[in-house]
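Novice: So that we are looking at the same thing, I have put the structure below in structure tokens.
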Amino acid sequence: MKHYKRYLVTAALPYANGPLHIGHLAGAYLSSDIYVRFQRLMNKDIVFICGSDEHGAAITIKALKEGKSPQEIVDTYHAQFKDTFSRIGVSFDMYHRTSEPLHHTTSQEFFTTLYNKGEFEEKESEQYYDEEAQQFLADRYITGTCPKCGHPDAYGDQCENCGTALSPTELIDPVSKLSGKTPVLRRTVHWYLPLDKYESWLKTWVETGDLEGEHLHNPEDWKNHVLGQCKSWLDGGLQPRAMTRDLDWGVDVPHQIPGHEGKKLYVWMDAPIGYISATKQWAADNKKNWKKYWQDKDTALIHFIGKDNIVFHCLIFPAILRAHGDYILPMNVPANQFMNLEGNKISTSRNWAVWVHEYLDEIPGREDELRYVMIKNMPELKDSEFTWKGYQEAINTELVNNLANFVNRVITLTNKYYNGKVPAFDEDTQFIGPDGPMDETFHDSETVRLYDDIDVLSQYIRDFDFRGGLKTLMEISTKGNQILQFNEPWKTIKEDPETVKAVINICLQYVAAITVISRPFMPFMSDKLRAMLNMKPFAEKGEWLKMMDDLSEGKVLIKKNHQIGEPLHLFTRIEDQVIDNQIQKLASAKNSNPQPEIVSKTERIPVKELITFEDFAKIDIRTATIIHAERIEKADKLLKLTLDLGFEQRTVVSGIAEQYKPEDVIGKKVSLIANLAPRKMRGVESQGMILMAENDQGQLSFVSPGQDWQNGQIVK
RNA sequence: CGCGGGAUGGAGCAGUUGGUAGCUCGUCGGGCUCAUAACCCGAAGGCCGUAGGUUCGAGUCCUACUCCCGCUACCA
């Protein structure tokens, strides 16, 4: 493996339109914090960068809803993020924000460089514009009728009913979510990054790690799902992607560029460059050279993100960096999957979440407990699950019973037998090792064993396997308990005090080691234990490395006759009441907010604008009977129906297969829009559309004439 | 639809180049009492999603299918 002179670690910039929940922690912030703290303890030159992502339409809209300015919204969340991260012990060297002038100039300079190099393609397109709100509309802010399934509430990018990917211009009767009015098409010019031109080197770089004869990373070190996601995109072919938007809240397109008016940088020209501006700010504050961290080939750049950001960090941002030319590419992008909560997906809008700031307020002093449970269940390779019962069990059985209890036993015994002074011992004293009575051992061989175990733990962290690392930490604690248990010093203290000295001493070495090796995972506990041992607090500057050196040279970590303090409980049990309260809270969140999406949807859909009788008369609705129905192959939601109109038969494709089986609908009387222009769906031409009523839950009901009604009659 | 990831004892997970299926928690039995009724030892419990195939031999490789999660480019 290549030796790097320095590390630059980024954690995904949280978007400033809602508080942080445990999914954020599990996704990117704890994993990055563990890695960074470990590397600091290994005396590496490492910088840990993050900041608030504060631009985009979602923030404008939230501001409008709450009657505030966008700046007020992002100020609130930025302050909250900073505070929450600090309280849970995420140790950023710099927590910046994209609304800072430094960031605006940095991203504009970046854009200008690409512009001057001629990397962009300028293209004109037609986009929907809301005349009342006086702005162009992001796809998500346009709804209309899905051209494929007829669902009346499809978004501009996708119909959630039939799952079809759409472009806003395909929608029938588009409506702006901002004003409720019909948007108009306007010509607009944007600058596109020609990803198609970079596809070839991106593919080679991702899949082999090679770029222009240099081996930059080892794909085997990348997580499977990260590579898979990239390959999937690469195989599908990359398309040019617009790097600017018609927005009013964001970084301006540099003013010296003709046609910049009203244009802002697209989030992927904005947010990831936030990593760079944050590094600049850190360098300025600490008298360092930021370029070393972004432009020197001996720097390892590592992006910690959630899986939703994979392609942007593995393909688009690297493309941007290389198009600029001066920058290095990421050495690894250890993306985590998602953490579910009590069996359901975490959802901000449905309030199905454990909010980190609320946790800190409601269960104070238990930062490391949350960290422990998050790390234990970290979704490193697949989705995982957080439950309050699991939280309680992990803390009570693992942290309290195993780890805290081991420490407590050792410190209590040391105080009881040796007045709190680390006992001197004879190196030739034999005692029983952690493998049981047959495992006869000596102090120095146990030191070696400890060294080996810690070495394994280090490797887990380097490999981004933090669960494995945490497990190894607990195994070391278990071995400590085993040494005590097999040697039973409370029994042998009278007849064999020499052996007890060696046993207690090695256990104290274990405890001293635990102050170091627990530090990346549980920094608060590490501090507490350090104080209990009366050892000097950590600066996180090479302490782990020094420990490994000491152990390998046969030196002890805590010297004989060192005076330790009184035992305190490192962790205490979580009572049922605490857990019940939290479960109760989740339950009430669910009840008070049963289906907010749907409630707001009903409110959101105003009655459409007035039409004249002549307009209505254009629609020819006829009664008909379904005489044949079959599923369409490889389509979940579509049924191919044959309708009898009396005077003719028609084929109609309808998106009702999820609620109706073919045999259920045969014989059904329906109303058909008979003069709707035909449209092909999955290769079958649909000659009309059946009228369906839909309720808030998305259930469907036929709008039908009476069962004995004739076919082909006019509905008006 | 397409693509990516996943499915292993009650729960949560490991399983390297194919060679007797492991760990943590829980359950049951035992030991111990320094310790926060903790700790230590032992036991029970699995057709490794389904169906085929390759092989002397498959959790591991191949094919098809089922279910879960995600992505699908303008939500950020």
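Naming scheme: A, B, ... for chains in displayed order of the structure tokens; residues 1 onward per chain; ligands 1 onward as shown.
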At a cut-off of 6 Å, can you tabulate as JSON lines every residue of chain A near chain B together with its closest atom pair and the distance in Å to one decimal, using only C-alpha atoms (C1' of nucleotides) and ordering rows by chain then number?
Specialist:
{"residue": "A:Ala138", "atom": "CA", "partner": "B:C74", "partner_atom": "C1'", "distance": 5.3}
{"residue": "A:Asp139", "atom": "CA", "partner": "B:C74", "partner_atom": "C1'", "distance": 4.9}
{"residue": "A:His225", "atom": "CA", "partner": "B:G5", "partner_atom": "C1'", "distance": 5.6}
{"residue": "A:Gly228", "atom": "CA", "partner": "B:G4", "partner_atom": "C1'", "distance": 5.3}
{"residue": "A:Gln229", "atom": "CA", "partner": "B:G4", "partner_atom": "C1'", "distance": 5.0}
{"residue": "A:Ser232", "atom": "CA", "partner": "B:C3", "partner_atom": "C1'", "distance": 5.6}
{"residue": "A:Asn401", "atom": "CA", "partner": "B:A38", "partner_atom": "C1'", "distance": 5.6}
{"residue": "A:Arg409", "atom": "CA", "partner": "B:A35", "partner_atom": "C1'", "distance": 4.7}
{"residue": "A:Gln485", "atom": "CA", "partner": "B:C40", "partner_atom": "C1'", "distance": 5.7}
{"residue": "A:Trp490", "atom": "CA", "partner": "B:C34", "partner_atom": "C1'", "distance": 5.6}
Novice: Write out as JSON, numbers by chain which residues come within 10 Å of stretch 427-440 of chain A when counting only C-alpha atoms (C1' of nucleotides), dropping same-chain ones fewer than 6 positions away.
Specialist: {"A": [446, 449, 476, 478, 479, 480, 481, 482, 483, 484, 485, 486, 487, 488, 498, 499, 500, 501, 502, 503], "B": [40, 41]}
Novice: Dump N, CA, C and O atoms (P, O5', C5', C4', C3', O3' and C1' of nucleotides) for the selected residues as a compact mmCIF listing (two decimals), in the first residue's frame?
Specialist:
# COMPACT_ATOMS: atom_id res chain seq x y z
N GLU A 446 2.02 -11.92 27.70
CA GLU A 446 0.71 -11.28 27.65
C GLU A 446 0.81 -9.89 27.04
O GLU A 446 -0.12 -9.42 26.38
N ARG A 449 0.74 -10.45 23.44
CA ARG A 449 -0.60 -10.78 22.99
C ARG A 449 -1.45 -9.50 22.88
O ARG A 449 -2.19 -9.32 21.91
N ILE A 476 -10.80 -7.54 23.74
CA ILE A 476 -9.65 -7.26 24.62
C ILE A 476 -10.14 -7.11 26.06
O ILE A 476 -9.53 -7.63 27.00
N THR A 478 -12.82 -8.53 27.27
CA THR A 478 -13.18 -9.89 27.71
C THR A 478 -11.93 -10.66 28.16
O THR A 478 -11.95 -11.36 29.17
N LYS A 479 -10.84 -10.51 27.42
CA LYS A 479 -9.60 -11.20 27.81
C LYS A 479 -9.12 -10.73 29.17
O LYS A 479 -8.63 -11.53 29.97
N GLY A 480 -9.29 -9.45 29.44
CA GLY A 480 -8.94 -8.93 30.76
C GLY A 480 -9.76 -9.61 31.84
O GLY A 480 -9.25 -10.07 32.86
N ASN A 481 -11.09 -9.70 31.58
CA ASN A 481 -11.96 -10.39 32.54
C ASN A 481 -11.54 -11.84 32.72
O ASN A 481 -11.58 -12.37 33.82
N GLN A 482 -11.14 -12.47 31.62
CA GLN A 482 -10.75 -13.89 31.70
C GLN A 482 -9.49 -14.06 32.55
O GLN A 482 -9.41 -15.00 33.35
N ILE A 483 -8.53 -13.18 32.37
CA ILE A 483 -7.31 -13.28 33.17
C ILE A 483 -7.65 -13.18 34.66
O ILE A 483 -7.19 -13.98 35.48
N LEU A 484 -8.49 -12.23 34.99
CA LEU A 484 -8.90 -12.11 36.40
C LEU A 484 -9.61 -13.37 36.87
O LEU A 484 -9.30 -13.91 37.94
N GLN A 485 -10.54 -13.81 36.06
CA GLN A 485 -11.37 -14.94 36.48
C GLN A 485 -10.56 -16.20 36.70
O GLN A 485 -10.73 -16.90 37.69
N PHE A 486 -9.65 -16.51 35.80
CA PHE A 486 -8.88 -17.76 35.90
C PHE A 486 -7.89 -17.71 37.05
O PHE A 486 -7.60 -18.72 37.67
N ASN A 487 -7.36 -16.53 37.32
CA ASN A 487 -6.34 -16.45 38.36
C ASN A 487 -6.91 -16.18 39.75
O ASN A 487 -6.23 -16.39 40.75
N GLU A 488 -8.13 -15.75 39.80
CA GLU A 488 -8.84 -15.53 41.06
C GLU A 488 -7.98 -14.87 42.13
O GLU A 488 -7.75 -15.45 43.20
N GLU A 498 2.66 -13.04 45.23
CA GLU A 498 3.54 -12.68 44.11
C GLU A 498 2.81 -12.81 42.78
O GLU A 498 2.92 -11.96 41.90
N THR A 499 2.07 -13.92 42.61
CA THR A 499 1.32 -14.12 41.37
C THR A 499 0.27 -13.01 41.21
O THR A 499 0.08 -12.48 40.11
N VAL A 500 -0.37 -12.65 42.32
CA VAL A 500 -1.40 -11.62 42.24
C VAL A 500 -0.80 -10.31 41.72
O VAL A 500 -1.42 -9.61 40.90
N LYS A 501 0.40 -9.99 42.16
CA LYS A 501 1.04 -8.76 41.69
C LYS A 501 1.17 -8.75 40.16
O LYS A 501 0.86 -7.77 39.50
N ALA A 502 1.64 -9.88 39.61
CA ALA A 502 1.80 -9.96 38.15
C ALA A 502 0.45 -9.86 37.44
O ALA A 502 0.32 -9.20 36.41
N VAL A 503 -0.55 -10.54 38.03
CA VAL A 503 -1.88 -10.55 37.41
C VAL A 503 -2.49 -9.13 37.42
O VAL A 503 -2.98 -8.65 36.39
P C B 40 -16.68 -12.80 30.95
O5' C B 40 -16.19 -14.22 31.51
C5' C B 40 -14.83 -14.43 31.82
C4' C B 40 -14.66 -15.81 32.43
C3' C B 40 -15.25 -16.95 31.61
O3' C B 40 -14.35 -17.37 30.59
C1' C B 40 -15.95 -17.17 33.84
P C B 41 -14.94 -18.08 29.28
O5' C B 41 -15.37 -19.52 29.81
C5' C B 41 -14.40 -20.44 30.27
C4' C B 41 -15.08 -21.70 30.74
C3' C B 41 -16.01 -22.36 29.73
O3' C B 41 -15.30 -23.17 28.82
C1' C B 41 -17.09 -22.25 31.82
Novice: Which residues, written as a list in words, have at least one atom at most 10 Å from stretch 64-67 of chain B, with only C-alpha atoms (C1' of nucleotides) counted and residues fewer than 3 positions away on the same chain left out?
Specialist: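 Non-adjacent residues within range: A7, G49, U50, A51 and G52 of chain B.
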Novice: So, with only C-alpha atoms as the atoms that count, which of A:Arg530, A:Lys376, A:His313, A:Lys491 lies closest to A:Gly468?
Specialist: A:Lys376
Novice: Extract the full set of strand (DSSP E) residues from stretch 217-412 of chain A according to DSSP on the backbone, and format it as a PyMOL selection string.
Specialist: chain A and resi 241-242+244-245+264-265+299-304+339-341+344-345+384-386
